[in-house]
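Chemist: Please find upload_23.cif (mmCIF, N, CA and C atoms) on the next line:
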data_my_file
#
loop_
_atom_site.label_atom_id
_atom_site.label_comp_id
_atom_site.auth_asym_id
_atom_site.auth_seq_id
_atom_site.Cartn_x
_atom_site.Cartn_y
_atom_site.Cartn_z
N ARG A 1 -26.03 14.46 44.01
CA ARG A 1 -25.76 13.10 44.40
C ARG A 1 -24.78 12.45 43.44
N ASN A 2 -24.94 12.73 42.14
CA ASN A 2 -24.04 12.16 41.15
C ASN A 2 -22.59 12.55 41.42
N ARG A 3 -22.37 13.78 41.76
CA ARG A 3 -21.00 14.25 42.00
C ARG A 3 -20.41 13.63 43.26
N LEU A 4 -21.23 13.23 44.20
CA LEU A 4 -20.73 12.61 45.43
C LEU A 4 -20.36 11.15 45.24
N ASP A 5 -20.94 10.53 44.24
CA ASP A 5 -20.70 9.11 44.00
C ASP A 5 -19.57 8.96 42.98
N ALA A 6 -18.37 8.65 43.45
CA ALA A 6 -17.20 8.57 42.59
C ALA A 6 -17.34 7.48 41.53
N ALA A 7 -18.17 6.49 41.77
CA ALA A 7 -18.33 5.39 40.81
C ALA A 7 -19.42 5.69 39.77
N ALA A 8 -20.09 6.82 39.90
CA ALA A 8 -21.19 7.13 38.99
C ALA A 8 -20.67 7.29 37.57
N ARG A 9 -21.45 6.77 36.62
CA ARG A 9 -21.09 6.89 35.22
C ARG A 9 -22.00 7.88 34.50
N THR A 10 -22.87 8.52 35.23
CA THR A 10 -23.80 9.47 34.65
C THR A 10 -23.35 10.88 34.99
N THR A 11 -23.39 11.74 33.99
CA THR A 11 -23.08 13.14 34.22
C THR A 11 -24.24 13.97 33.71
N PHE A 12 -24.39 15.14 34.26
CA PHE A 12 -25.44 16.04 33.86
C PHE A 12 -24.80 17.33 33.38
N VAL A 13 -25.27 17.81 32.23
CA VAL A 13 -24.69 18.99 31.61
C VAL A 13 -25.84 19.93 31.24
N GLN A 14 -25.66 21.19 31.50
CA GLN A 14 -26.62 22.19 31.05
C GLN A 14 -25.99 22.88 29.84
N ALA A 15 -26.60 22.69 28.68
CA ALA A 15 -26.03 23.26 27.46
C ALA A 15 -27.08 23.21 26.36
N ASP A 16 -26.80 23.89 25.26
CA ASP A 16 -27.61 23.75 24.06
C ASP A 16 -27.36 22.35 23.52
N GLY A 17 -28.41 21.56 23.37
CA GLY A 17 -28.27 20.16 22.97
C GLY A 17 -27.53 19.97 21.66
N ALA A 18 -27.87 20.75 20.66
CA ALA A 18 -27.22 20.61 19.34
C ALA A 18 -25.74 20.94 19.43
N GLU A 19 -25.41 22.01 20.15
CA GLU A 19 -24.00 22.40 20.29
C GLU A 19 -23.22 21.37 21.10
N TRP A 20 -23.82 20.85 22.18
CA TRP A 20 -23.10 19.91 23.04
C TRP A 20 -22.83 18.60 22.31
N ILE A 21 -23.83 18.08 21.60
CA ILE A 21 -23.64 16.83 20.88
C ILE A 21 -22.58 16.99 19.80
N ALA A 22 -22.57 18.12 19.09
CA ALA A 22 -21.56 18.36 18.06
C ALA A 22 -20.16 18.46 18.65
N ALA A 23 -20.04 19.04 19.83
CA ALA A 23 -18.73 19.23 20.47
C ALA A 23 -18.25 17.99 21.22
N ASN A 24 -19.13 17.03 21.46
CA ASN A 24 -18.79 15.84 22.25
C ASN A 24 -19.23 14.56 21.57
N PRO A 25 -18.74 14.33 20.34
CA PRO A 25 -19.18 13.12 19.64
C PRO A 25 -18.69 11.87 20.35
N GLN A 26 -19.55 10.89 20.45
CA GLN A 26 -19.20 9.62 21.10
C GLN A 26 -19.73 8.49 20.25
N VAL A 27 -18.84 7.64 19.78
CA VAL A 27 -19.26 6.46 19.02
C VAL A 27 -20.18 5.63 19.90
N GLY A 28 -21.27 5.17 19.33
CA GLY A 28 -22.20 4.32 20.06
C GLY A 28 -23.23 5.08 20.87
N THR A 29 -23.40 6.35 20.61
CA THR A 29 -24.38 7.15 21.34
C THR A 29 -25.81 6.70 21.01
N VAL A 30 -26.64 6.66 22.03
CA VAL A 30 -28.07 6.45 21.86
C VAL A 30 -28.77 7.70 22.39
N LEU A 31 -29.46 8.41 21.52
CA LEU A 31 -30.23 9.58 21.91
C LEU A 31 -31.66 9.13 22.16
N PHE A 32 -32.16 9.38 23.36
CA PHE A 32 -33.53 9.01 23.71
C PHE A 32 -34.28 10.26 24.14
N THR A 33 -35.40 10.52 23.49
CA THR A 33 -36.27 11.62 23.91
C THR A 33 -37.65 11.06 24.20
N ASN A 34 -38.31 11.65 25.18
CA ASN A 34 -39.61 11.15 25.60
C ASN A 34 -40.52 12.30 25.98
N GLY A 35 -41.70 12.27 25.46
CA GLY A 35 -42.71 13.22 25.90
C GLY A 35 -42.63 14.59 25.27
N GLY A 36 -41.86 14.73 24.21
CA GLY A 36 -41.77 16.02 23.56
C GLY A 36 -40.56 16.81 24.01
N VAL A 37 -39.44 16.57 23.41
CA VAL A 37 -38.21 17.31 23.68
C VAL A 37 -37.81 18.07 22.42
N LEU A 38 -37.68 17.33 21.33
CA LEU A 38 -37.21 17.94 20.09
C LEU A 38 -38.23 18.87 19.46
N GLU A 39 -39.47 18.82 19.93
CA GLU A 39 -40.48 19.73 19.39
C GLU A 39 -40.12 21.19 19.68
N TYR A 40 -39.23 21.43 20.62
CA TYR A 40 -38.82 22.78 20.97
C TYR A 40 -37.53 23.20 20.27
N PHE A 41 -36.96 22.33 19.46
CA PHE A 41 -35.76 22.64 18.70
C PHE A 41 -36.16 23.04 17.29
N ALA A 42 -35.51 24.07 16.76
CA ALA A 42 -35.75 24.49 15.37
C ALA A 42 -35.35 23.35 14.44
N PRO A 43 -35.95 23.28 13.25
CA PRO A 43 -35.61 22.20 12.31
C PRO A 43 -34.11 22.08 12.06
N GLU A 44 -33.42 23.20 11.93
CA GLU A 44 -31.98 23.18 11.68
C GLU A 44 -31.22 22.54 12.84
N SER A 45 -31.68 22.75 14.05
CA SER A 45 -31.03 22.16 15.21
C SER A 45 -31.26 20.65 15.26
N VAL A 46 -32.46 20.20 14.92
CA VAL A 46 -32.73 18.76 14.87
C VAL A 46 -31.80 18.12 13.83
N ASP A 47 -31.69 18.76 12.67
CA ASP A 47 -30.81 18.23 11.63
C ASP A 47 -29.36 18.21 12.08
N ALA A 48 -28.92 19.23 12.81
CA ALA A 48 -27.55 19.29 13.30
C ALA A 48 -27.28 18.17 14.31
N ILE A 49 -28.24 17.90 15.17
CA ILE A 49 -28.10 16.81 16.14
C ILE A 49 -27.96 15.49 15.41
N LEU A 50 -28.83 15.24 14.46
CA LEU A 50 -28.78 13.98 13.72
C LEU A 50 -27.49 13.85 12.92
N ALA A 51 -27.02 14.93 12.32
CA ALA A 51 -25.75 14.90 11.57
C ALA A 51 -24.59 14.59 12.50
N SER A 52 -24.58 15.17 13.69
CA SER A 52 -23.50 14.91 14.65
C SER A 52 -23.51 13.46 15.09
N LEU A 53 -24.68 12.91 15.33
CA LEU A 53 -24.78 11.51 15.72
C LEU A 53 -24.33 10.60 14.57
N ALA A 54 -24.74 10.93 13.35
CA ALA A 54 -24.36 10.12 12.19
C ALA A 54 -22.85 10.13 11.98
N ALA A 55 -22.22 11.25 12.25
CA ALA A 55 -20.76 11.37 12.08
C ALA A 55 -20.00 10.53 13.10
N ALA A 56 -20.64 10.15 14.19
CA ALA A 56 -20.01 9.34 15.24
C ALA A 56 -20.63 7.95 15.28
N ALA A 57 -21.05 7.46 14.12
CA ALA A 57 -21.71 6.15 14.05
C ALA A 57 -20.75 5.05 14.49
N PRO A 58 -21.29 3.96 15.02
CA PRO A 58 -22.71 3.66 15.07
C PRO A 58 -23.43 4.48 16.14
N ALA A 59 -24.66 4.80 15.83
CA ALA A 59 -25.49 5.59 16.75
C ALA A 59 -26.94 5.17 16.57
N ALA A 60 -27.74 5.47 17.57
CA ALA A 60 -29.16 5.15 17.51
C ALA A 60 -29.96 6.30 18.08
N VAL A 61 -31.19 6.40 17.62
CA VAL A 61 -32.13 7.42 18.09
C VAL A 61 -33.43 6.71 18.42
N VAL A 62 -33.95 6.99 19.61
CA VAL A 62 -35.26 6.49 20.03
C VAL A 62 -36.03 7.70 20.52
N MET A 63 -37.19 7.93 19.95
CA MET A 63 -37.92 9.13 20.34
C MET A 63 -39.42 8.90 20.42
N ILE A 64 -40.02 9.61 21.34
CA ILE A 64 -41.46 9.70 21.47
C ILE A 64 -41.78 11.19 21.45
N GLU A 65 -42.29 11.65 20.33
CA GLU A 65 -42.48 13.08 20.10
C GLU A 65 -43.88 13.35 19.57
N PRO A 66 -44.46 14.50 19.93
CA PRO A 66 -45.79 14.85 19.43
C PRO A 66 -45.74 15.35 18.00
N LEU A 67 -46.86 15.18 17.31
CA LEU A 67 -47.01 15.65 15.94
C LEU A 67 -48.30 16.44 15.81
N ASP A 68 -48.29 17.37 14.87
CA ASP A 68 -49.52 18.08 14.50
C ASP A 68 -50.50 17.03 13.96
N PRO A 69 -51.74 17.01 14.47
CA PRO A 69 -52.72 16.03 13.97
C PRO A 69 -52.92 16.08 12.46
N ALA A 70 -52.68 17.24 11.85
CA ALA A 70 -52.89 17.39 10.40
C ALA A 70 -51.60 17.20 9.59
N HIS A 71 -50.49 16.90 10.24
CA HIS A 71 -49.21 16.76 9.53
C HIS A 71 -49.16 15.40 8.82
N ASP A 72 -49.23 15.42 7.49
CA ASP A 72 -49.17 14.21 6.68
C ASP A 72 -47.69 13.89 6.42
N LEU A 73 -47.14 12.97 7.20
CA LEU A 73 -45.71 12.66 7.09
C LEU A 73 -45.35 12.05 5.75
N GLY A 74 -46.30 11.40 5.09
CA GLY A 74 -46.03 10.82 3.79
C GLY A 74 -45.92 11.84 2.68
N ALA A 75 -46.60 12.96 2.82
CA ALA A 75 -46.63 13.97 1.77
C ALA A 75 -45.83 15.23 2.10
N ASP A 76 -45.56 15.47 3.37
CA ASP A 76 -44.91 16.71 3.80
C ASP A 76 -43.66 16.39 4.62
N PRO A 77 -42.47 16.44 4.00
CA PRO A 77 -41.24 16.09 4.70
C PRO A 77 -40.69 17.21 5.59
N THR A 78 -41.39 18.33 5.66
CA THR A 78 -40.89 19.49 6.40
C THR A 78 -41.35 19.47 7.85
N SER A 79 -41.01 20.53 8.56
CA SER A 79 -41.50 20.77 9.92
C SER A 79 -42.53 21.88 9.85
N ARG A 80 -43.45 21.87 10.81
CA ARG A 80 -44.45 22.94 10.86
C ARG A 80 -44.73 23.29 12.31
N ILE A 81 -45.13 24.51 12.53
CA ILE A 81 -45.47 24.98 13.87
C ILE A 81 -46.92 24.61 14.15
N PHE A 82 -47.17 24.16 15.40
CA PHE A 82 -48.53 23.77 15.75
C PHE A 82 -48.76 23.90 17.25
N GLY A 83 -50.02 23.80 17.64
CA GLY A 83 -50.40 23.71 19.05
C GLY A 83 -50.38 25.03 19.80
N ARG A 84 -50.81 24.94 21.06
CA ARG A 84 -50.87 26.12 21.92
C ARG A 84 -49.50 26.70 22.22
N GLU A 85 -48.49 25.86 22.21
CA GLU A 85 -47.14 26.31 22.55
C GLU A 85 -46.34 26.75 21.33
N ASP A 86 -46.94 26.65 20.15
CA ASP A 86 -46.22 26.96 18.91
C ASP A 86 -44.92 26.19 18.83
N SER A 87 -45.00 24.89 19.11
CA SER A 87 -43.82 24.04 18.99
C SER A 87 -43.80 23.44 17.58
N PHE A 88 -42.77 22.65 17.29
CA PHE A 88 -42.62 22.10 15.95
C PHE A 88 -43.14 20.68 15.85
N SER A 89 -43.84 20.41 14.78
CA SER A 89 -44.16 19.05 14.36
C SER A 89 -43.13 18.72 13.29
N HIS A 90 -42.10 17.98 13.67
CA HIS A 90 -41.04 17.61 12.73
C HIS A 90 -41.39 16.29 12.06
N ASN A 91 -41.05 16.17 10.80
CA ASN A 91 -41.19 14.89 10.12
C ASN A 91 -39.92 14.09 10.44
N TYR A 92 -39.93 13.43 11.60
CA TYR A 92 -38.74 12.73 12.08
C TYR A 92 -38.27 11.63 11.14
N PRO A 93 -39.16 10.79 10.60
CA PRO A 93 -38.67 9.76 9.68
C PRO A 93 -37.93 10.35 8.48
N ALA A 94 -38.43 11.43 7.91
CA ALA A 94 -37.77 12.06 6.76
C ALA A 94 -36.43 12.67 7.17
N ARG A 95 -36.40 13.33 8.33
CA ARG A 95 -35.14 13.93 8.80
C ARG A 95 -34.11 12.87 9.14
N LEU A 96 -34.54 11.78 9.75
CA LEU A 96 -33.63 10.68 10.06
C LEU A 96 -33.06 10.09 8.77
N ALA A 97 -33.90 9.87 7.78
CA ALA A 97 -33.44 9.31 6.51
C ALA A 97 -32.44 10.23 5.83
N ARG A 98 -32.70 11.53 5.84
CA ARG A 98 -31.76 12.48 5.22
C ARG A 98 -30.40 12.46 5.92
N ALA A 99 -30.38 12.15 7.20
CA ALA A 99 -29.12 12.09 7.95
C ALA A 99 -28.45 10.73 7.82
N GLY A 100 -29.06 9.81 7.10
CA GLY A 100 -28.45 8.51 6.88
C GLY A 100 -28.87 7.42 7.85
N PHE A 101 -29.87 7.69 8.66
CA PHE A 101 -30.36 6.70 9.62
C PHE A 101 -31.34 5.76 8.92
N ARG A 102 -31.41 4.54 9.41
CA ARG A 102 -32.40 3.57 8.97
C ARG A 102 -33.45 3.46 10.07
N VAL A 103 -34.69 3.75 9.73
CA VAL A 103 -35.77 3.63 10.71
C VAL A 103 -36.07 2.15 10.89
N ALA A 104 -35.83 1.66 12.10
CA ALA A 104 -36.05 0.24 12.40
C ALA A 104 -37.48 -0.02 12.87
N SER A 105 -38.09 0.97 13.48
CA SER A 105 -39.44 0.81 14.01
C SER A 105 -40.10 2.17 14.09
N GLY A 106 -41.37 2.20 13.78
CA GLY A 106 -42.11 3.44 13.89
C GLY A 106 -43.59 3.17 14.04
N SER A 107 -44.23 3.90 14.91
CA SER A 107 -45.67 3.77 15.08
C SER A 107 -46.21 5.06 15.68
N GLU A 108 -47.51 5.19 15.59
CA GLU A 108 -48.18 6.36 16.16
C GLU A 108 -49.28 5.90 17.10
N VAL A 109 -49.51 6.72 18.12
CA VAL A 109 -50.64 6.51 19.01
C VAL A 109 -51.29 7.86 19.27
N GLN A 110 -52.54 7.81 19.61
CA GLN A 110 -53.29 9.01 19.98
C GLN A 110 -53.74 8.82 21.42
N THR A 111 -53.34 9.72 22.29
CA THR A 111 -53.75 9.63 23.68
C THR A 111 -54.01 11.02 24.24
N ASP A 112 -55.12 11.15 24.92
CA ASP A 112 -55.52 12.43 25.52
C ASP A 112 -55.48 13.57 24.51
N GLY A 113 -55.87 13.28 23.27
CA GLY A 113 -55.94 14.30 22.24
C GLY A 113 -54.60 14.66 21.63
N ILE A 114 -53.55 13.93 21.93
CA ILE A 114 -52.22 14.21 21.39
C ILE A 114 -51.80 13.06 20.48
N ARG A 115 -51.30 13.42 19.32
CA ARG A 115 -50.76 12.45 18.37
C ARG A 115 -49.27 12.28 18.66
N TRP A 116 -48.87 11.06 18.99
CA TRP A 116 -47.48 10.77 19.33
C TRP A 116 -46.85 9.88 18.27
N LEU A 117 -45.62 10.21 17.89
CA LEU A 117 -44.82 9.35 17.04
C LEU A 117 -43.78 8.67 17.90
N MET A 118 -43.69 7.36 17.77
CA MET A 118 -42.66 6.58 18.45
C MET A 118 -41.79 5.97 17.36
N VAL A 119 -40.50 6.30 17.37
CA VAL A 119 -39.63 5.84 16.31
C VAL A 119 -38.26 5.44 16.88
N ALA A 120 -37.69 4.40 16.31
CA ALA A 120 -36.34 3.96 16.64
C ALA A 120 -35.56 3.86 15.34
N ALA A 121 -34.35 4.39 15.31
CA ALA A 121 -33.55 4.39 14.09
C ALA A 121 -32.08 4.16 14.45
N GLU A 122 -31.35 3.64 13.47
CA GLU A 122 -29.93 3.37 13.69
C GLU A 122 -29.11 3.86 12.51
N HIS A 123 -27.87 4.15 12.81
CA HIS A 123 -26.90 4.55 11.78
C HIS A 123 -25.67 3.70 12.00
N ALA A 124 -25.32 2.89 11.01
CA ALA A 124 -24.19 1.96 11.18
C ALA A 124 -22.84 2.62 10.96
#
As structure tokens, how would this structure be written, given the file I've shared?
Modeler:
Amino acid sequence: RNRLDAAARTTFVQADGAEWIAANPQVGTVLFTNGGVLEYFAPESVDAILASLAAAAPAAVVMIEPLDPAHDLGADPTSRIFGREDSFSHNYPARLARAGFRVASGSEVQTDGIRWLMVAAEHA
């Protein structure tokens, strides 16, 4: 449908997210993830995405991502594998800070046995 609508401003691309963002930097990009997207990216790929966004600042990141219930974000700045799917619990606030982002908002909720981090950050 998007391709049929000549006025559409949305495009869809199938690619490795880290590679695509690095190859297509856009000033003013807002990266939004919801429901667990980056948990399937290796720590190095998450860092590469954030570095690419920071290089094209201003940029913003808004994410809702799951965390390992035992991951102490205050004491452990790394990523760890957790859960039935062996996905990553990334310390997003620490990774965002290392990439030069300022965390504007962050909170956690627990729902249906899943610990969720909701965070918004900006890079000027």
Chemist: Hey, which of A:Ser89, A:Ala56, A:Ala121, A:Ala15 ends up closest to A:Ala104? Count only C-alpha atoms.
Modeler: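 So, comparing all the options, the nearest one is A:Ala121.
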Chemist: Using the chain letters and numbers from this file, what does the PyMOL selection byres ((chain A and resi 68-76) around 7) select? Give the answer as a list in words.
Modeler: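 The output of the PyMOL selection byres ((chain A and resi 68-76) around 7) on this file is Pro66, Leu67, Pro77, Thr78, Ser79, Phe82, Gly83, Phe88, Ser89, His90, Asn91 and Arg115 of chain A.
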Chemist: For the selection just defined, write its residues with N, CA and C atoms to a file, as a compact mmCIF listing (two decimals), in the frame of the given file.
Modeler:
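Everything below was put into again.txt:
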# COMPACT_ATOMS: atom_id res chain seq x y z
N PRO A 66 -44.46 14.50 19.93
CA PRO A 66 -45.79 14.85 19.43
C PRO A 66 -45.74 15.35 18.00
N LEU A 67 -46.86 15.18 17.31
CA LEU A 67 -47.01 15.65 15.94
C LEU A 67 -48.30 16.44 15.81
N PRO A 77 -42.47 16.44 4.00
CA PRO A 77 -41.24 16.09 4.70
C PRO A 77 -40.69 17.21 5.59
N THR A 78 -41.39 18.33 5.66
CA THR A 78 -40.89 19.49 6.40
C THR A 78 -41.35 19.47 7.85
N SER A 79 -41.01 20.53 8.56
CA SER A 79 -41.50 20.77 9.92
C SER A 79 -42.53 21.88 9.85
N PHE A 82 -47.17 24.16 15.40
CA PHE A 82 -48.53 23.77 15.75
C PHE A 82 -48.76 23.90 17.25
N GLY A 83 -50.02 23.80 17.64
CA GLY A 83 -50.40 23.71 19.05
C GLY A 83 -50.38 25.03 19.80
N PHE A 88 -42.77 22.65 17.29
CA PHE A 88 -42.62 22.10 15.95
C PHE A 88 -43.14 20.68 15.85
N SER A 89 -43.84 20.41 14.78
CA SER A 89 -44.16 19.05 14.36
C SER A 89 -43.13 18.72 13.29
N HIS A 90 -42.10 17.98 13.67
CA HIS A 90 -41.04 17.61 12.73
C HIS A 90 -41.39 16.29 12.06
N ASN A 91 -41.05 16.17 10.80
CA ASN A 91 -41.19 14.89 10.12
C ASN A 91 -39.92 14.09 10.44
N ARG A 115 -51.30 13.42 19.32
CA ARG A 115 -50.76 12.45 18.37
C ARG A 115 -49.27 12.28 18.66
Chemist: Give the alpha helix (DSSP H) residues of stretch 4-88 of chain A, as DSSP finds them on the backbone, and put them as a list of chain:residue names.
Modeler: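 The alpha helix (DSSP H) residues within stretch 4-88 of chain A come out as A:Gly17, A:Ala18, A:Glu19, A:Trp20, A:Ile21, A:Ala22, A:Ala23, A:Pro43, A:Glu44, A:Ser45, A:Val46, A:Asp47, A:Ala48, A:Ile49, A:Leu50, A:Ala51, A:Ser52, A:Leu53, A:Ala54, A:Ala55.
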Chemist: May I have the residues within 10 Å of A:Leu117 as a short mmCIF file (atom, residue, chain, number, x, y, z; two decimals) with N, CA and C atoms, keeping the file's coordinate frame, using only C-alpha atoms and disregarding those fewer than 3 positions away in the same chain?
Modeler:
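Final file, part.cif:
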data_model
loop_
_atom_site.label_atom_id
_atom_site.label_comp_id
_atom_site.auth_asym_id
_atom_site.auth_seq_id
_atom_site.Cartn_x
_atom_site.Cartn_y
_atom_site.Cartn_z
N GLY A 35 -41.70 12.27 25.46
CA GLY A 35 -42.71 13.22 25.90
C GLY A 35 -42.63 14.59 25.27
N GLY A 36 -41.86 14.73 24.21
CA GLY A 36 -41.77 16.02 23.56
C GLY A 36 -40.56 16.81 24.01
N MET A 63 -37.19 7.93 19.95
CA MET A 63 -37.92 9.13 20.34
C MET A 63 -39.42 8.90 20.42
N ILE A 64 -40.02 9.61 21.34
CA ILE A 64 -41.46 9.70 21.47
C ILE A 64 -41.78 11.19 21.45
N GLU A 65 -42.29 11.65 20.33
CA GLU A 65 -42.48 13.08 20.10
C GLU A 65 -43.88 13.35 19.57
N PRO A 66 -44.46 14.50 19.93
CA PRO A 66 -45.79 14.85 19.43
C PRO A 66 -45.74 15.35 18.00
N LEU A 67 -46.86 15.18 17.31
CA LEU A 67 -47.01 15.65 15.94
C LEU A 67 -48.30 16.44 15.81
N ASN A 91 -41.05 16.17 10.80
CA ASN A 91 -41.19 14.89 10.12
C ASN A 91 -39.92 14.09 10.44
N TYR A 92 -39.93 13.43 11.60
CA TYR A 92 -38.74 12.73 12.08
C TYR A 92 -38.27 11.63 11.14
N PRO A 93 -39.16 10.79 10.60
CA PRO A 93 -38.67 9.76 9.68
C PRO A 93 -37.93 10.35 8.48
N GLY A 106 -41.37 2.20 13.78
CA GLY A 106 -42.11 3.44 13.89
C GLY A 106 -43.59 3.17 14.04
N SER A 107 -44.23 3.90 14.91
CA SER A 107 -45.67 3.77 15.08
C SER A 107 -46.21 5.06 15.68
N GLU A 108 -47.51 5.19 15.59
CA GLU A 108 -48.18 6.36 16.16
C GLU A 108 -49.28 5.90 17.10
N VAL A 109 -49.51 6.72 18.12
CA VAL A 109 -50.64 6.51 19.01
C VAL A 109 -51.29 7.86 19.27
N GLN A 110 -52.54 7.81 19.61
CA GLN A 110 -53.29 9.01 19.98
C GLN A 110 -53.74 8.82 21.42
N ILE A 114 -53.55 13.93 21.93
CA ILE A 114 -52.22 14.21 21.39
C ILE A 114 -51.80 13.06 20.48
#
Chemist: Mind giving me the straight-line distance from atom C of A:Ala120 to atom C of A:Val30 in Å, one decimal?
Modeler: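 Pair atom C of A:Ala120 / atom C of A:Val30 returns 10.5 Å.
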Chemist: Find the residues near A:Ala51: any atom within 10 Å, counting only C-alpha atoms, skip ones fewer than 2 places away on the same chain, and give them as a PyMOL selection string.
Modeler: chain A and resi 18+21-22+45-49+53-57+95-96+98-101
Chemist: Let me make sure I understand: among A:Pro43, A:Pro58, A:Gly17, A:Gly113, which one has the smallest atom-to-atom distance to A:Thr29 if we use all atoms listed in the file?
Modeler: A:Pro58
Chemist: Record the distance separating atom CA of A:Ala124 and atom CA of A:Thr33, expressed in Å with one decimal.
Modeler: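 Separation between atom CA of A:Ala124 and atom CA of A:Thr33: 20.0 Å.
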Chemist: Could you tell me how far atom C of A:Asp16 sits from atom CA of A:Ala59, in Å to one decimal place?
Modeler: 18.2 Å
Chemist: Among chain A, which residues carry a DSSP assignment of strand (DSSP E), reported as number ranges by chain?
Modeler: A: 30-34, 59-67, 80-82, 87-89, 102-111, 114-123
